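Here is data_36.txt, consisting of compact mmCIF, C-alpha atoms and all ligand atoms:
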# COMPACT_ATOMS: atom_id res chain seq x y z
CA MET A 280 104.94 105.08 73.85
CA SER A 281 104.84 108.86 73.86
CA GLY A 282 103.19 110.58 76.77
CA PRO A 283 101.15 113.79 76.62
CA THR A 284 104.24 115.81 77.57
CA GLY A 285 106.29 114.33 74.73
CA GLY A 286 107.72 111.74 77.12
CA VAL A 287 109.20 108.53 75.87
CA VAL A 288 109.46 105.02 77.30
CA ILE A 289 112.59 102.95 76.78
CA ALA A 290 112.07 99.31 77.79
CA ILE A 291 115.13 97.29 78.77
CA ASP A 292 114.92 93.54 79.36
CA GLY A 293 117.41 90.72 79.58
CA PRO A 294 118.90 88.18 81.98
CA ALA A 295 120.58 88.98 85.30
CA GLY A 296 124.05 90.50 85.16
CA ALA A 297 124.06 91.44 81.46
CA GLY A 298 124.62 95.14 82.18
CA LYS A 299 120.99 96.35 81.94
CA SER A 300 121.21 98.62 84.99
CA THR A 301 124.49 100.26 84.05
CA VAL A 302 123.36 100.86 80.48
CA GLY A 303 119.84 101.90 81.54
CA ARG A 304 121.06 104.43 84.11
CA ALA A 305 123.56 105.93 81.67
CA VAL A 306 120.97 106.21 78.88
CA ALA A 307 118.42 107.76 81.28
CA SER A 308 120.92 110.32 82.48
CA ARG A 309 122.04 111.22 78.93
CA LEU A 310 118.39 111.72 77.90
CA GLY A 311 117.29 113.44 81.12
CA LEU A 312 114.74 110.69 81.85
CA GLY A 313 113.87 108.95 85.12
CA TYR A 314 115.04 105.38 85.62
CA LEU A 315 113.04 102.54 87.16
CA ASP A 316 114.63 99.24 88.24
CA THR A 317 111.63 96.90 88.43
CA GLY A 318 113.80 94.04 89.74
CA ALA A 319 114.24 96.15 92.88
CA MET A 320 110.43 96.16 93.26
CA TYR A 321 110.25 92.32 93.12
CA ARG A 322 113.15 92.23 95.57
CA GLY A 323 111.38 94.77 97.82
CA VAL A 324 108.25 92.60 98.01
CA THR A 325 110.46 89.58 98.76
CA PHE A 326 112.16 91.53 101.56
CA GLY A 327 108.72 92.37 103.01
CA VAL A 328 107.64 88.71 102.79
CA LEU A 329 110.76 87.45 104.60
CA ARG A 330 110.55 90.23 107.20
CA ARG A 331 107.03 89.08 108.07
CA GLY A 332 108.32 85.51 108.47
CA LEU A 333 106.16 84.25 105.57
CA ASP A 334 106.94 81.45 103.13
CA PRO A 335 107.81 83.05 99.71
CA GLY A 336 105.96 80.16 98.03
CA ASP A 337 102.69 80.82 99.91
CA ILE A 338 100.69 82.30 97.01
CA GLU A 339 97.86 83.88 99.02
CA SER A 340 99.93 85.45 101.79
CA VAL A 341 102.52 86.78 99.35
CA ALA A 342 99.74 88.30 97.20
CA ARG A 343 98.36 90.08 100.29
CA VAL A 344 101.80 91.48 101.10
CA ALA A 345 102.22 92.80 97.53
CA ALA A 346 98.85 94.55 97.63
CA ALA A 347 99.55 96.29 100.95
CA ILE A 348 103.29 96.95 100.92
CA GLU A 349 104.66 100.48 100.65
CA LEU A 350 107.54 100.53 98.13
CA SER A 351 109.53 103.59 97.24
CA VAL A 352 112.24 103.06 94.62
CA GLN A 353 114.76 105.89 94.27
CA ASP A 354 117.78 106.15 91.99
CA ASP A 355 120.13 104.96 94.71
CA GLY A 356 117.99 102.70 96.88
CA ILE A 357 114.62 101.48 98.08
CA THR A 358 112.48 101.83 101.17
CA VAL A 359 110.01 99.09 102.05
CA ASP A 360 107.28 100.09 104.51
CA GLY A 361 109.46 103.07 105.40
CA VAL A 362 112.56 100.92 106.15
CA ASP A 363 115.71 101.39 104.05
CA ALA A 364 116.22 97.96 102.43
CA SER A 365 118.78 99.01 99.75
CA ILE A 366 121.44 96.62 101.06
CA GLU A 367 119.18 93.74 102.12
CA ILE A 368 117.42 93.45 98.75
CA ARG A 369 120.78 92.48 97.18
CA GLY A 370 121.63 89.94 99.90
CA ARG A 371 121.57 86.15 99.74
CA ALA A 372 118.19 85.61 101.44
CA VAL A 373 116.26 87.91 99.10
CA THR A 374 118.18 86.71 96.01
CA ALA A 375 117.35 83.08 96.82
CA ALA A 376 113.63 83.76 97.34
CA VAL A 377 112.87 86.39 94.67
CA SER A 378 112.23 84.00 91.75
CA SER A 379 109.28 82.38 93.52
CA VAL A 380 107.81 85.77 94.50
CA ALA A 381 108.26 86.96 90.88
CA ALA A 382 106.39 83.85 89.64
CA ASN A 383 103.29 84.86 91.67
CA SER A 384 100.72 86.31 89.21
CA SER A 385 99.05 88.53 91.82
CA VAL A 386 102.40 90.06 92.69
CA ARG A 387 103.11 90.64 88.99
CA SER A 388 99.80 92.34 88.25
CA GLU A 389 100.16 94.63 91.28
CA LEU A 390 103.75 95.61 90.39
CA VAL A 391 102.91 96.11 86.70
CA ARG A 392 100.12 98.48 87.79
CA ARG A 393 102.59 100.43 89.95
CA GLN A 394 105.19 100.53 87.13
CA ARG A 395 102.64 102.02 84.70
CA GLU A 396 101.62 104.54 87.35
CA TRP A 397 105.28 105.54 87.88
CA VAL A 398 105.74 106.19 84.14
CA ALA A 399 102.40 108.01 83.77
CA ALA A 400 103.31 110.34 86.64
CA ARG A 401 106.58 111.28 84.89
CA GLY A 402 105.41 111.21 81.27
CA GLY A 403 108.05 108.58 80.39
CA GLY A 404 111.27 107.00 81.57
CA VAL A 405 113.77 104.20 81.15
CA VAL A 406 112.29 101.04 82.67
CA GLU A 407 114.33 97.90 83.25
CA GLY A 408 113.22 94.32 84.01
CA ARG A 409 112.29 91.06 82.33
CA ASP A 410 108.82 91.73 80.87
CA ILE A 411 108.92 95.46 80.19
CA GLY A 412 108.87 95.35 76.37
CA SER A 413 106.72 92.20 76.22
CA VAL A 414 104.02 92.98 78.84
CA VAL A 415 104.35 96.28 80.69
CA PHE A 416 105.06 98.71 77.81
CA PRO A 417 104.62 96.81 74.52
CA ASP A 418 104.37 100.19 72.71
CA ALA A 419 107.66 101.55 74.08
CA ALA A 420 109.54 103.86 71.69
CA LEU A 421 112.58 101.62 72.00
CA LYS A 422 112.83 98.06 73.30
CA LEU A 423 116.22 96.63 74.12
CA TYR A 424 117.09 93.06 75.01
CA ILE A 425 120.49 93.27 76.70
CA THR A 426 122.34 90.00 77.12
CA ALA A 427 125.82 88.49 77.57
CA SER A 428 127.11 84.95 77.88
CA PRO A 429 126.66 83.32 81.34
CA ARG A 430 130.46 83.11 81.65
CA VAL A 431 130.98 86.81 81.02
CA ARG A 432 128.14 87.68 83.41
CA ALA A 433 129.69 85.46 86.10
CA GLU A 434 133.13 87.00 85.60
CA ARG A 435 131.70 90.53 85.95
CA ARG A 436 129.85 89.58 89.13
CA VAL A 437 132.96 87.98 90.67
CA ALA A 438 135.00 91.09 89.81
CA GLU A 439 132.39 93.16 91.69
CA ILE A 440 131.68 91.09 94.77
CA GLY A 441 134.08 88.13 94.67
CA GLY A 442 133.23 84.41 94.71
CA ASP A 443 133.99 81.44 92.51
CA VAL A 444 133.33 81.96 88.79
CA ASP A 445 132.07 78.40 88.22
CA ASP A 446 129.65 78.59 91.17
CA VAL A 447 128.38 82.02 90.16
CA GLU A 448 127.97 80.85 86.54
CA SER A 449 125.87 77.85 87.66
CA SER A 450 123.62 80.03 89.79
CA ILE A 451 123.21 82.51 86.89
CA ILE A 452 122.22 79.65 84.54
CA GLU A 453 119.73 78.37 87.13
CA ARG A 454 118.14 81.82 87.64
CA ASP A 455 117.89 82.32 83.83
CA ARG A 456 116.14 78.97 83.59
CA LYS A 457 113.60 79.92 86.28
CA ASP A 458 112.99 83.41 84.83
CA SER A 459 112.61 82.08 81.27
CA SER A 460 110.43 79.07 82.05
CA ARG A 461 107.85 80.51 84.46
CA ALA A 462 104.26 80.51 83.23
CA ASP A 463 103.49 84.18 83.82
CA SER A 464 105.49 86.76 81.81
CA PRO A 465 108.67 84.72 81.28
CA LEU A 466 111.87 86.42 80.18
CA VAL A 467 111.65 86.62 76.37
CA GLU A 468 112.94 88.86 73.60
CA ALA A 469 109.93 91.15 73.08
CA SER A 470 108.70 91.51 69.53
CA GLY A 471 110.50 94.47 67.97
CA ALA A 472 113.30 94.41 70.55
CA VAL A 473 116.85 95.24 69.50
CA VAL A 474 119.17 92.55 70.89
CA VAL A 475 122.44 93.88 72.32
CA ASP A 476 125.09 91.33 73.35
CA THR A 477 127.44 93.14 75.74
CA SER A 478 130.03 90.32 75.93
CA GLY A 479 133.32 91.97 75.01
CA LEU A 480 131.85 95.48 74.75
CA SER A 481 132.49 98.41 77.07
CA ILE A 482 129.57 100.20 78.69
CA THR A 483 130.47 103.38 76.79
CA ASP A 484 130.25 101.50 73.47
CA VAL A 485 126.85 100.06 74.41
CA VAL A 486 125.45 103.40 75.61
CA ASP A 487 126.64 105.15 72.44
CA SER A 488 125.08 102.53 70.18
CA VAL A 489 121.79 102.69 72.11
CA LEU A 490 121.70 106.48 71.77
CA ARG A 491 122.38 106.10 68.02
CA LEU A 492 119.34 103.82 67.80
CA LEU A 493 117.20 106.72 68.96
CA THR A 494 118.67 109.22 66.51
CA PRO A 495 116.86 108.26 63.27
CA SER A 496 113.44 108.93 64.79
CA ARG A 497 114.53 112.06 66.64
CA GLY A 498 112.40 115.11 65.90
CA SER A 499 113.47 118.67 66.63
CA ASP A 500 112.45 118.55 70.28
CA ASP A 501 111.36 115.01 71.02
CA VAL A 502 113.46 111.86 70.98
CA ALA A 503 110.29 109.85 70.25
CA GLY A 504 109.98 111.65 66.90
O1 LIG B 601 116.97 92.22 87.90
P1 LIG B 601 116.99 91.53 89.26
O2 LIG B 601 117.99 90.41 89.36
O3 LIG B 601 117.14 92.49 90.39
O4 LIG B 601 115.54 90.85 89.38
C1 LIG B 601 115.17 90.15 90.54
C2 LIG B 601 114.18 89.06 90.19
O5 LIG B 601 112.93 89.61 89.79
C3 LIG B 601 114.62 88.09 89.09
O6 LIG B 601 114.35 86.76 89.53
C4 LIG B 601 113.74 88.42 87.93
C5 LIG B 601 112.53 89.06 88.55
N1 LIG B 601 111.98 90.15 87.73
C6 LIG B 601 110.85 89.87 87.01
O7 LIG B 601 110.35 88.75 87.05
N2 LIG B 601 110.27 90.86 86.27
C7 LIG B 601 110.81 92.09 86.22
N3 LIG B 601 110.21 93.03 85.48
C8 LIG B 601 111.99 92.37 86.94
C9 LIG B 601 112.56 91.36 87.68
Let's see the structure in the file written out as structure tokens.
Ligand code: DC
Amino acid sequence: MSGPTGGVVIAIDGPAGAGKSTVGRAVASRLGLGYLDTGAMYRGVTFGVLRRGLDPGDIESVARVAAAIELSVQDDGITVDGVDASIEIRGRAVTAAVSSVAANSSVRSELVRRQREWVAARGGGVVEGRDIGSVVFPDAALKLYITASPRVRAERRVAEIGGDVDDVESSIIERDRKDSSRADSPLVEASGAVVVDTSGLSITDVVDSVLRLLTPSRGSDDVAG
């Protein structure tokens, strides 16, 4: 999708822990584009739900929270109703509840609306999530599906924050299953997406190959061509 200012949308989808954020941030910075982590938005709504003492599976109440909540996602964090929730959205409580909030169709339509607004306000950007190339920006200039084996993803996570590789691998497989089997906007390889398996690759290699993908269509002053 090219915006009126020559902006470009790069859609990045894939399962948890495959390296989407690292690759997405690096690509955005190399291209001078903004970067939006839509998972942080689903986590932000979940934080707001838990903070209000609501049941994440209560469809109606959770939908009301999503419609009213103030979310501000920055490069290095998030505020939810004016409260810095950057640490809490990555914690156990939010991580355990986010899949059911993300399965709520009213939450999804509200967040998709906000994601499109974010991109329209900037004339483009690198947007990362699960349904970006399939639902949110099906006309993106480049769609990537970034993946890695559950084992490799578990090993990377344990190297970052510790834990037992087998336990982390089982929880990764379970979250993939929930994200891929939900009725509304499941995690899928979007049509036209380039699949990048990062198992055994360095981030630099992946970023370089992604930037090469953009080169053939590059015009003199616009990466969208
Ligand atoms: O990428 P993440 O682990 O921070 O995502 C948190 C949850 O939100 C995860 O269960 C998948 C879900 N999600 C989604 O359903 N759609 C998106 N566009 C982004 C994330």
What are the centre and edge lengths in Å, to one decimal, of the axis-aligned box around all listed atoms of ligand LIG 601 (chain B) with 4 Å added on each side, as lines of an AutoDock Vina configuration file?
center_x = 114.1
center_y = 89.9
center_z = 88.0
size_x = 15.8
size_y = 14.3
size_z = 13.1
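Near ligand LIG 601 (chain B), at distances of 6 Å or less and with all atoms listed in the file counted, sit the residues Ala295, Thr317, Gly318, Ala319, Tyr321, Arg322, Val377, Ser378, Ala381, Gly408, Arg409, Asp410, Ile411 and Asp458 of chain A.
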Compile the contact shell of stretch 332-339 of chain A as a PDB file with C-alpha atoms, in the frame of the given file: residues with an atom at most 9 Å away, counting all atoms listed in the file, same-chain residues fewer than 4 positions apart removed.
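Full text of out.pdb as output:
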ATOM      1  CA  THR A 325     110.460  89.580  98.760  1.00  0.00           C
ATOM      2  CA  GLY A 327     108.720  92.370 103.010  1.00  0.00           C
ATOM      3  CA  VAL A 328     107.640  88.710 102.790  1.00  0.00           C
ATOM      4  CA  ARG A 343      98.360  90.080 100.290  1.00  0.00           C
ATOM      5  CA  VAL A 344     101.800  91.480 101.100  1.00  0.00           C
ATOM      6  CA  ALA A 376     113.630  83.760  97.340  1.00  0.00           C
ATOM      7  CA  VAL A 377     112.870  86.390  94.670  1.00  0.00           C
ATOM      8  CA  SER A 379     109.280  82.380  93.520  1.00  0.00           C
ATOM      9  CA  VAL A 380     107.810  85.770  94.500  1.00  0.00           C
ATOM     10  CA  ASN A 383     103.290  84.860  91.670  1.00  0.00           C
ATOM     11  CA  SER A 384     100.720  86.310  89.210  1.00  0.00           C
ATOM     12  CA  SER A 385      99.050  88.530  91.820  1.00  0.00           C
TER      13      SER A 385
END
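For the pair atom CA of A:Glu396 and atom CA of A:Arg454, the separation is 28.1 Å.
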Identify the residues around (125.2, 107.4, 82.5) within a radius of 12 Å, measuring from all atoms listed in the file in the coordinates stated by the file, and give them as a PyMOL selection string. chain A and resi 299-314+405+482-487+489-490
Output of the above residues as a PDB file, in the coordinates of the input, restricted to C-alpha atoms:
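result27.pdb, written as the output of this step:
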ATOM      1  CA  LYS A 299     120.990  96.350  81.940  1.00  0.00           C
ATOM      2  CA  SER A 300     121.210  98.620  84.990  1.00  0.00           C
ATOM      3  CA  THR A 301     124.490 100.260  84.050  1.00  0.00           C
ATOM      4  CA  VAL A 302     123.360 100.860  80.480  1.00  0.00           C
ATOM      5  CA  GLY A 303     119.840 101.900  81.540  1.00  0.00           C
ATOM      6  CA  ARG A 304     121.060 104.430  84.110  1.00  0.00           C
ATOM      7  CA  ALA A 305     123.560 105.930  81.670  1.00  0.00           C
ATOM      8  CA  VAL A 306     120.970 106.210  78.880  1.00  0.00           C
ATOM      9  CA  ALA A 307     118.420 107.760  81.280  1.00  0.00           C
ATOM     10  CA  SER A 308     120.920 110.320  82.480  1.00  0.00           C
ATOM     11  CA  ARG A 309     122.040 111.220  78.930  1.00  0.00           C
ATOM     12  CA  LEU A 310     118.390 111.720  77.900  1.00  0.00           C
ATOM     13  CA  GLY A 311     117.290 113.440  81.120  1.00  0.00           C
ATOM     14  CA  LEU A 312     114.740 110.690  81.850  1.00  0.00           C
ATOM     15  CA  GLY A 313     113.870 108.950  85.120  1.00  0.00           C
ATOM     16  CA  TYR A 314     115.040 105.380  85.620  1.00  0.00           C
ATOM     17  CA  VAL A 405     113.770 104.200  81.150  1.00  0.00           C
ATOM     18  CA  ILE A 482     129.570 100.200  78.690  1.00  0.00           C
ATOM     19  CA  THR A 483     130.470 103.380  76.790  1.00  0.00           C
ATOM     20  CA  ASP A 484     130.250 101.500  73.470  1.00  0.00           C
ATOM     21  CA  VAL A 485     126.850 100.060  74.410  1.00  0.00           C
ATOM     22  CA  VAL A 486     125.450 103.400  75.610  1.00  0.00           C
ATOM     23  CA  ASP A 487     126.640 105.150  72.440  1.00  0.00           C
ATOM     24  CA  VAL A 489     121.790 102.690  72.110  1.00  0.00           C
ATOM     25  CA  LEU A 490     121.700 106.480  71.770  1.00  0.00           C
TER      26      LEU A 490
END
Name the residues in contact with A:Trp397 at a cut-off of 12 Å, using only C-alpha atoms, excluding same-chain residues fewer than 2 positions from it; report them as an mmCIF file with C-alpha atoms, keeping the file's coordinate frame.
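Saved as around.cif:
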data_model
loop_
_atom_site.group_PDB
_atom_site.id
_atom_site.type_symbol
_atom_site.label_atom_id
_atom_site.label_comp_id
_atom_site.auth_asym_id
_atom_site.auth_seq_id
_atom_site.Cartn_x
_atom_site.Cartn_y
_atom_site.Cartn_z
ATOM 1 C CA VAL A 288 109.460 105.020 77.300
ATOM 2 C CA GLY A 313 113.870 108.950 85.120
ATOM 3 C CA TYR A 314 115.040 105.380 85.620
ATOM 4 C CA LEU A 315 113.040 102.540 87.160
ATOM 5 C CA ASP A 316 114.630 99.240 88.240
ATOM 6 C CA THR A 317 111.630 96.900 88.430
ATOM 7 C CA MET A 320 110.430 96.160 93.260
ATOM 8 C CA LEU A 350 107.540 100.530 98.130
ATOM 9 C CA SER A 351 109.530 103.590 97.240
ATOM 10 C CA VAL A 352 112.240 103.060 94.620
ATOM 11 C CA GLN A 353 114.760 105.890 94.270
ATOM 12 C CA LEU A 390 103.750 95.610 90.390
ATOM 13 C CA VAL A 391 102.910 96.110 86.700
ATOM 14 C CA ARG A 392 100.120 98.480 87.790
ATOM 15 C CA ARG A 393 102.590 100.430 89.950
ATOM 16 C CA GLN A 394 105.190 100.530 87.130
ATOM 17 C CA ARG A 395 102.640 102.020 84.700
ATOM 18 C CA ALA A 399 102.400 108.010 83.770
ATOM 19 C CA ALA A 400 103.310 110.340 86.640
ATOM 20 C CA ARG A 401 106.580 111.280 84.890
ATOM 21 C CA GLY A 402 105.410 111.210 81.270
ATOM 22 C CA GLY A 403 108.050 108.580 80.390
ATOM 23 C CA GLY A 404 111.270 107.000 81.570
ATOM 24 C CA VAL A 405 113.770 104.200 81.150
ATOM 25 C CA VAL A 406 112.290 101.040 82.670
ATOM 26 C CA VAL A 415 104.350 96.280 80.690
#
Please provide as a list in words all residues within 12 Å of A:Val431, with the sequence filter that same-chain residues fewer than 2 positions apart are discarded (counting all atoms listed in the file). Ala295, Gly296, Ala297, Gly298, Thr426, Ala427, Ser428, Pro429, Ala433, Glu434, Arg435, Arg436, Val437, Ala438, Val444, Asp445, Val447, Glu448, Ile451, Ile452, Asp476, Thr477, Ser478, Gly479 and Leu480 of chain A
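Atom CA of A:Asp355 sits 25.0 Å away from atom CA of A:Leu466.
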Å distance separating atom CA of A:Arg491 from atom CA of A:Ser413, one decimal place: 22.5 Å
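You can rank A:Gly356, A:Ala419, A:Glu389, A:Leu492 by their closest distance to A:Gly471 using all atoms listed in the file, and at the top of that list sits A:Ala419.
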For A:Arg432, the closest of A:Ser460, A:Val398, A:Val324, A:Pro294 counting all atoms listed in the file is A:Pro294
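For the set A:Leu329, A:Ala420, A:Ala462, A:Val359, the residue with the smallest atom-to-atom gap to A:Ala382 is A:Ala462, counting all atoms listed in the file.
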Leaving out A:Asp360 and any residue of its chain fewer than 2 positions from it, which residues lie within 7 Å of it when counting all atoms listed in the file, given as a PyMOL selection string? chain A and resi 348-350+358+362
